[in-house]
>>> print(open('query.txt').read())   # compact mmCIF, C-alpha atoms
# COMPACT_ATOMS: atom_id res chain seq x y z
CA MET A 1 -27.89 -41.66 -21.34
CA SER A 2 -25.11 -39.53 -22.85
CA GLN A 3 -25.91 -36.63 -25.17
CA PRO A 4 -24.68 -36.63 -28.79
CA SER A 5 -21.19 -35.22 -29.06
CA THR A 6 -20.61 -31.95 -30.92
CA LEU A 7 -17.38 -30.78 -32.50
CA ALA A 8 -16.86 -28.42 -29.55
CA ASP A 9 -17.21 -31.34 -27.13
CA VAL A 10 -14.61 -33.31 -29.01
CA THR A 11 -12.03 -30.63 -29.87
CA GLY A 12 -12.70 -27.90 -27.33
CA ILE A 13 -13.01 -25.40 -30.19
CA ASP A 14 -16.22 -23.34 -30.08
CA GLU A 15 -15.95 -20.26 -32.28
CA GLU A 16 -19.62 -19.36 -31.83
CA ALA A 17 -19.26 -19.24 -28.03
CA VAL A 18 -16.16 -17.07 -28.36
CA ALA A 19 -17.95 -14.70 -30.74
CA HIS A 20 -20.81 -14.21 -28.26
CA ALA A 21 -18.61 -14.00 -25.15
CA PRO A 22 -18.47 -10.74 -23.15
CA GLN A 23 -15.86 -8.29 -24.41
CA VAL A 24 -12.75 -7.65 -22.31
CA ARG A 25 -10.76 -4.45 -22.86
CA SER A 26 -7.45 -3.50 -21.31
CA VAL A 27 -5.59 -0.24 -20.74
CA TYR A 28 -1.93 0.07 -19.72
CA VAL A 29 -1.92 2.00 -16.44
CA TYR A 30 0.93 1.25 -14.05
CA GLU A 31 4.49 1.30 -15.34
CA ALA A 32 7.08 -1.19 -14.10
CA PRO A 33 8.71 1.16 -11.52
CA VAL A 34 5.30 1.86 -9.93
CA ARG A 35 4.49 -1.85 -9.74
CA ALA A 36 7.92 -2.69 -8.31
CA TRP A 37 7.55 0.06 -5.70
CA HIS A 38 4.11 -1.25 -4.70
CA TRP A 39 5.38 -4.74 -3.88
CA VAL A 40 8.64 -3.59 -2.27
CA ASN A 41 6.60 -1.16 -0.19
CA ALA A 42 4.13 -3.91 0.83
CA LEU A 43 7.00 -6.18 1.92
CA ALA A 44 8.75 -3.38 3.85
CA ILE A 45 5.56 -2.44 5.72
CA THR A 46 4.88 -6.09 6.58
CA VAL A 47 8.39 -6.52 7.98
CA LEU A 48 8.18 -3.21 9.86
CA ALA A 49 4.79 -4.09 11.37
CA VAL A 50 5.89 -7.53 12.57
CA THR A 51 9.25 -6.44 13.97
CA GLY A 52 7.77 -3.21 15.35
CA TYR A 53 5.14 -5.14 17.25
CA PHE A 54 7.79 -7.25 18.98
CA ILE A 55 9.98 -4.23 19.67
CA GLY A 56 6.99 -2.67 21.44
CA SER A 57 6.15 -5.98 23.18
CA PRO A 58 9.51 -7.75 23.51
CA LEU A 59 9.90 -11.49 23.84
CA HIS A 60 10.58 -12.85 27.30
CA SER A 61 14.22 -12.88 28.34
CA VAL A 62 16.00 -16.22 28.49
CA PRO A 63 18.81 -17.35 30.77
CA GLY A 64 22.38 -17.60 29.56
CA GLU A 65 24.90 -15.44 27.76
CA ALA A 66 23.21 -12.45 26.07
CA SER A 67 25.31 -12.81 22.92
CA GLU A 68 23.82 -16.26 22.41
CA HIS A 69 20.26 -14.92 22.53
CA TYR A 70 20.43 -11.83 20.35
CA VAL A 71 16.92 -12.23 18.90
CA MET A 72 15.74 -8.73 19.77
CA GLY A 73 18.98 -7.24 18.50
CA TYR A 74 18.49 -8.88 15.11
CA MET A 75 14.85 -7.82 15.14
CA ARG A 76 15.82 -4.20 15.67
CA PHE A 77 18.38 -4.46 12.86
CA VAL A 78 15.77 -5.85 10.45
CA HIS A 79 13.33 -3.13 11.54
CA PHE A 80 15.87 -0.38 10.85
CA ALA A 81 16.83 -1.92 7.49
CA ALA A 82 13.19 -2.14 6.42
CA GLY A 83 12.74 1.48 7.50
CA TYR A 84 15.56 2.53 5.18
CA VAL A 85 13.97 0.54 2.33
CA LEU A 86 10.59 2.19 2.96
CA ALA A 87 12.07 5.71 2.95
CA VAL A 88 14.31 5.24 -0.10
CA ALA A 89 11.51 3.54 -2.04
CA LEU A 90 9.15 6.43 -1.29
CA LEU A 91 11.75 8.92 -2.53
CA ALA A 92 12.10 6.90 -5.73
CA ARG A 93 8.31 6.80 -6.07
CA ALA A 94 8.15 10.58 -5.68
CA TYR A 95 10.75 10.96 -8.44
CA TRP A 96 8.71 8.72 -10.73
CA ALA A 97 5.66 10.91 -10.16
CA PHE A 98 7.50 13.55 -12.22
CA VAL A 99 8.92 11.35 -14.99
CA GLY A 100 6.27 8.62 -15.27
CA ASN A 101 2.93 8.66 -17.05
CA HIS A 102 0.01 10.74 -15.78
CA HIS A 103 -1.18 7.94 -13.49
CA ALA A 104 2.13 8.03 -11.61
CA HIS A 105 1.31 11.26 -9.77
CA GLU A 106 -2.15 10.19 -8.53
CA LEU A 107 -0.70 9.19 -5.15
CA PHE A 108 0.60 12.69 -4.45
CA LEU A 109 -2.03 15.02 -5.94
CA LEU A 110 -5.72 15.35 -5.09
CA PRO A 111 -8.08 17.57 -7.15
CA LEU A 112 -9.93 18.63 -4.01
CA THR A 113 -11.27 21.84 -5.58
CA LYS A 114 -13.00 20.05 -8.47
CA ALA A 115 -16.72 19.32 -8.09
CA ALA A 116 -16.44 16.40 -10.52
CA TYR A 117 -13.93 14.72 -8.22
CA TRP A 118 -16.27 14.84 -5.21
CA ARG A 119 -19.16 13.63 -7.36
CA GLU A 120 -17.16 10.50 -8.16
CA VAL A 121 -16.14 10.10 -4.50
CA ARG A 122 -19.85 10.02 -3.61
CA ALA A 123 -20.50 7.55 -6.42
CA MET A 124 -17.81 5.20 -5.11
CA LEU A 125 -19.06 5.56 -1.55
CA ALA A 126 -22.51 4.48 -2.75
CA TRP A 127 -20.89 1.51 -4.52
CA TYR A 128 -19.00 0.42 -1.40
CA LEU A 129 -22.24 0.73 0.62
CA PHE A 130 -24.00 -1.58 -1.88
CA LEU A 131 -26.30 1.25 -3.01
CA ARG A 132 -25.26 0.98 -6.68
CA PRO A 133 -25.30 -2.13 -8.90
CA ARG A 134 -22.05 -1.25 -10.69
CA PRO A 135 -19.18 1.19 -10.17
CA ASN A 136 -18.03 3.61 -12.84
CA GLN A 137 -15.04 2.49 -14.88
CA TYR A 138 -11.85 4.18 -13.70
CA VAL A 139 -8.58 3.62 -15.50
CA GLY A 140 -6.32 4.73 -12.62
CA HIS A 141 -7.21 4.89 -8.94
CA ASN A 142 -10.86 5.68 -8.40
CA PRO A 143 -11.39 9.07 -6.64
CA MET A 144 -12.20 7.50 -3.27
CA ALA A 145 -9.13 5.26 -3.48
CA ARG A 146 -6.98 8.33 -4.21
CA LEU A 147 -8.39 10.00 -1.11
CA ALA A 148 -7.65 6.92 1.00
CA MET A 149 -4.16 6.50 -0.46
CA PHE A 150 -3.24 10.10 0.28
CA PHE A 151 -4.58 10.37 3.83
CA GLY A 152 -4.56 6.71 4.88
CA PHE A 153 -1.21 5.75 3.38
CA LEU A 154 1.00 8.62 2.23
CA LEU A 155 0.60 10.98 5.22
CA ILE A 156 0.80 8.15 7.76
CA THR A 157 3.87 6.74 6.03
CA LEU A 158 5.60 10.14 6.11
CA PHE A 159 4.71 10.39 9.80
CA MET A 160 6.14 6.92 10.44
CA ILE A 161 9.36 7.74 8.58
CA ALA A 162 9.83 10.98 10.52
CA THR A 163 9.10 9.49 13.96
CA GLY A 164 10.98 6.29 13.19
CA PHE A 165 14.18 8.03 12.15
CA ALA A 166 13.80 10.41 15.10
CA LEU A 167 13.89 7.43 17.47
CA TYR A 168 16.70 5.86 15.46
CA GLY A 169 18.69 9.11 15.66
CA GLU A 170 18.19 9.24 19.43
CA GLY A 171 20.05 5.95 19.69
CA ALA A 172 22.68 7.02 17.17
CA GLN A 173 23.16 10.18 19.31
CA GLU A 174 23.91 13.77 18.44
CA GLY A 175 26.07 14.24 15.36
CA SER A 176 24.50 11.43 13.36
CA TRP A 177 22.55 12.28 10.22
CA ALA A 178 19.32 10.89 11.68
CA HIS A 179 19.66 12.97 14.82
CA THR A 180 20.34 16.12 12.82
CA ALA A 181 17.61 15.54 10.23
CA PHE A 182 14.87 14.16 12.49
CA THR A 183 15.57 13.80 16.22
CA SER A 184 16.52 17.45 16.64
CA TRP A 185 13.00 18.66 15.78
CA VAL A 186 10.62 15.68 15.97
CA ILE A 187 11.12 14.84 19.65
CA PRO A 188 10.87 18.51 20.75
CA LEU A 189 7.66 18.70 18.71
CA PHE A 190 6.24 16.04 21.04
CA GLY A 191 7.27 17.92 24.17
CA GLY A 192 10.79 16.52 24.31
CA ASN A 193 9.55 13.12 25.50
CA SER A 194 10.79 10.27 23.32
CA GLN A 195 8.34 7.87 24.98
CA THR A 196 5.50 9.95 23.56
CA VAL A 197 7.08 9.59 20.12
CA HIS A 198 7.28 5.82 20.71
CA THR A 199 3.56 5.73 21.53
CA TRP A 200 2.52 7.71 18.45
CA HIS A 201 4.85 5.67 16.25
CA HIS A 202 3.20 2.50 17.58
CA LEU A 203 -0.29 3.92 16.91
CA GLY A 204 0.81 4.87 13.40
CA MET A 205 1.76 1.25 12.81
CA TRP A 206 -1.80 0.17 13.61
CA GLY A 207 -3.08 2.89 11.29
CA LEU A 208 -1.10 1.37 8.41
CA VAL A 209 -2.24 -2.14 9.34
CA ILE A 210 -5.89 -1.05 9.23
CA PHE A 211 -5.30 0.72 5.91
CA ALA A 212 -3.66 -2.43 4.45
CA ILE A 213 -6.62 -4.61 5.48
CA LEU A 214 -9.14 -2.21 3.90
CA HIS A 215 -6.94 -1.81 0.81
CA ILE A 216 -6.75 -5.57 0.24
CA TYR A 217 -10.49 -5.97 0.83
CA ALA A 218 -11.37 -3.19 -1.63
CA ALA A 219 -9.01 -4.56 -4.32
CA ILE A 220 -10.40 -8.10 -4.11
CA ARG A 221 -13.99 -6.79 -3.98
CA GLU A 222 -13.43 -4.76 -7.15
CA ASP A 223 -11.92 -7.76 -8.92
CA ILE A 224 -14.92 -9.93 -8.08
CA MET A 225 -17.87 -7.50 -8.14
CA GLY A 226 -16.71 -4.47 -10.11
CA ARG A 227 -15.81 -6.35 -13.30
CA GLN A 228 -12.50 -4.51 -13.55
CA SER A 229 -9.10 -5.85 -12.57
CA MET A 230 -7.25 -4.63 -9.49
CA VAL A 231 -4.81 -7.21 -8.11
CA SER A 232 -3.61 -8.41 -11.52
CA THR A 233 -3.22 -4.80 -12.67
CA MET A 234 -0.46 -4.27 -10.12
CA ILE A 235 1.29 -7.32 -11.59
CA SER A 236 0.85 -6.79 -15.33
CA GLY A 237 0.25 -3.04 -15.39
CA TYR A 238 -2.95 -3.47 -17.44
CA ARG A 239 -6.41 -2.61 -16.16
CA THR A 240 -9.02 -4.87 -17.77
CA PHE A 241 -12.73 -4.06 -18.08
CA LYS A 242 -15.32 -6.76 -18.61
CA ASP A 243 -18.63 -5.95 -20.33
>>> encode(input="query.txt", output="structure tokens")
Amino acid sequence: MSQPSTLADVTGIDEEAVAHAPQVRSVYVYEAPVRAWHWVNALAITVLAVTGYFIGSPLHSVPGEASEHYVMGYMRFVHFAAGYVLAVALLARAYWAFVGNHHAHELFLLPLTKAAYWREVRAMLAWYLFLRPRPNQYVGHNPMARLAMFFGFLLITLFMIATGFALYGEGAQEGSWAHTAFTSWVIPLFGGNSQTVHTWHHLGMWGLVIFAILHIYAAIREDIMGRQSMVSTMISGYRTFKD
């Protein structure tokens, strides 16, 4: 037997339910250049990881004229192009750290000497280990995320750019900008063996892949369990908090 209809059932308007609904607040955090860099960077790293994997483990050769089967050649070209995008985008991101809002420099600076910072790192660690019912409300990156972004992303990315352009400059040979700026000192730093640089560059790729997996997991987990937006914040720029 059906229940008697109310006005809300008929019209969909329920002002009383809206008045008693949990409050949602939002703060503008990430400016458009930061958001654009994030997604360009994510695409570049994805392309670099996929093409880099196949460069390290090439496809089987096929019979016939080489010019008709230039798959690996195109793959190397795309890899190099994505490397340029990654490097230029990071330079632009570094510039915005100086001219953007105060959240823009969080990627590059860590308050490692501040006791309050480490207190919040411990608090977030307890949250990730399911030892706390709720995380604290952070407008920008939480302190543990800043730590992970600096050591798990920024330093590895700089390492990948340096070793990648060193290998690129080796192919471009002496006299090229890449050879002068990177090959001339990076390969000697690894004992003069470019194969060693290849190996470390390959390991760095897996480091970024692992970071990306953890980064995505943490962002989705915060959206669902932390009652504060993560994924949508990097689209709209607004961090929302739900009471």
>>> closest_atom_pairs(input="query.txt", of="segment 121-165 of chain A", to="segment 94-104 of chain A", cutoff="12 Å", atoms="all atoms listed in the file", output="tab-separated table")
residue	atom	partner	partner_atom	distance
A:Tyr138	CA	A:His103	CA	11.3
A:Val139	CA	A:His103	CA	8.8
A:Gly140	CA	A:His103	CA	6.1
A:His141	CA	A:His103	CA	8.1
A:Asn142	CA	A:His103	CA	11.2
A:Arg146	CA	A:His103	CA	11.0
A:Leu154	CA	A:Ala94	CA	10.8
>>> atom_distance(input="query.txt", atom1="atom CA of Gly164 of chain A", atom2="atom CA of Val34 of chain A")
24.2 Å
>>> residues_near_point(input="query.txt", point="(20.3, 10.1, 18.6)", cutoff="7 Å", atoms="all atoms listed in the file", output="list in words")
Tyr168, Gly169, Glu170, Gly171, Ala172, Gln173, Glu174, Ser176, His179 and Thr183 of chain A
>>> residues_around(input="query.txt", residues="Leu214 of chain A", least_positions_apart="3", cutoff="12 Å", atoms="all atoms listed in the file", output="list in words")
Tyr128, Ala145, Ala148, Met149, Gly152, Phe153, Gly207, Leu208, Val209, Ile210, Phe211, Tyr217, Ala218, Ala219, Ile220 and Arg221 of chain A
>>> closest_residue(input="query.txt", among="A:Leu147, A:Leu86, A:Val78, A:Pro133", to="Pro111 of chain A", atoms="all atoms listed in the file")
A:Leu147
>>> axis_aligned_box(input="query.txt", around="segment 207-224 of chain A", padding_each_side="6 Å", output="lines of an AutoDock Vina configuration file")
center_x = -8.0
center_y = -3.5
center_z = 1.2
size_x = 25.8
size_y = 24.8
size_z = 32.2
>>> residues_around(input="query.txt", residues="Ala162 of chain A", least_positions_apart="3", cutoff="9 Å", atoms="only C-alpha atoms", output="MDAnalysis selection string")
chainID A and resid 157:159 165:167 182:183 186
>>> residues_around(input="query.txt", residues="Thr233 of chain A", least_positions_apart="5", cutoff="12 Å", atoms="only C-alpha atoms", output="list in words")
Ser26, Val27, Tyr28, Val29, Tyr30, Glu31, Ala32, Val34, Arg35, His38, Val139, Gly140, His141, Ala219, Ile220, Glu222, Asp223, Gln228, Tyr238, Arg239, Thr240 and Phe241 of chain A
>>> decode(input="query.txt", residues="segment 133-155 of chain A", atoms="C-alpha atoms", output="compact mmCIF listing (two decimals), in the first residue's frame")
# COMPACT_ATOMS: atom_id res chain seq x y z
CA PRO A 133 38.56 8.51 12.84
CA ARG A 134 39.02 11.78 10.92
CA PRO A 135 41.94 13.73 9.45
CA ASN A 136 42.57 17.37 10.24
CA GLN A 137 41.27 19.85 7.69
CA TYR A 138 44.06 21.11 5.44
CA VAL A 139 43.41 23.77 2.84
CA GLY A 140 46.50 23.04 0.72
CA HIS A 141 48.52 19.84 0.63
CA ASN A 142 48.53 18.09 3.97
CA PRO A 143 52.05 17.94 5.54
CA MET A 144 52.58 14.27 4.68
CA ALA A 145 51.48 14.87 1.08
CA ARG A 146 53.98 17.74 0.83
CA LEU A 147 56.72 15.40 2.04
CA ALA A 148 55.72 12.77 -0.53
CA MET A 149 55.43 15.33 -3.34
CA PHE A 150 58.88 16.72 -2.65
CA PHE A 151 60.81 13.46 -2.26
CA GLY A 152 58.57 11.08 -4.22
CA PHE A 153 57.80 13.36 -7.15
CA LEU A 154 59.92 16.50 -7.43
CA LEU A 155 63.38 15.01 -6.75
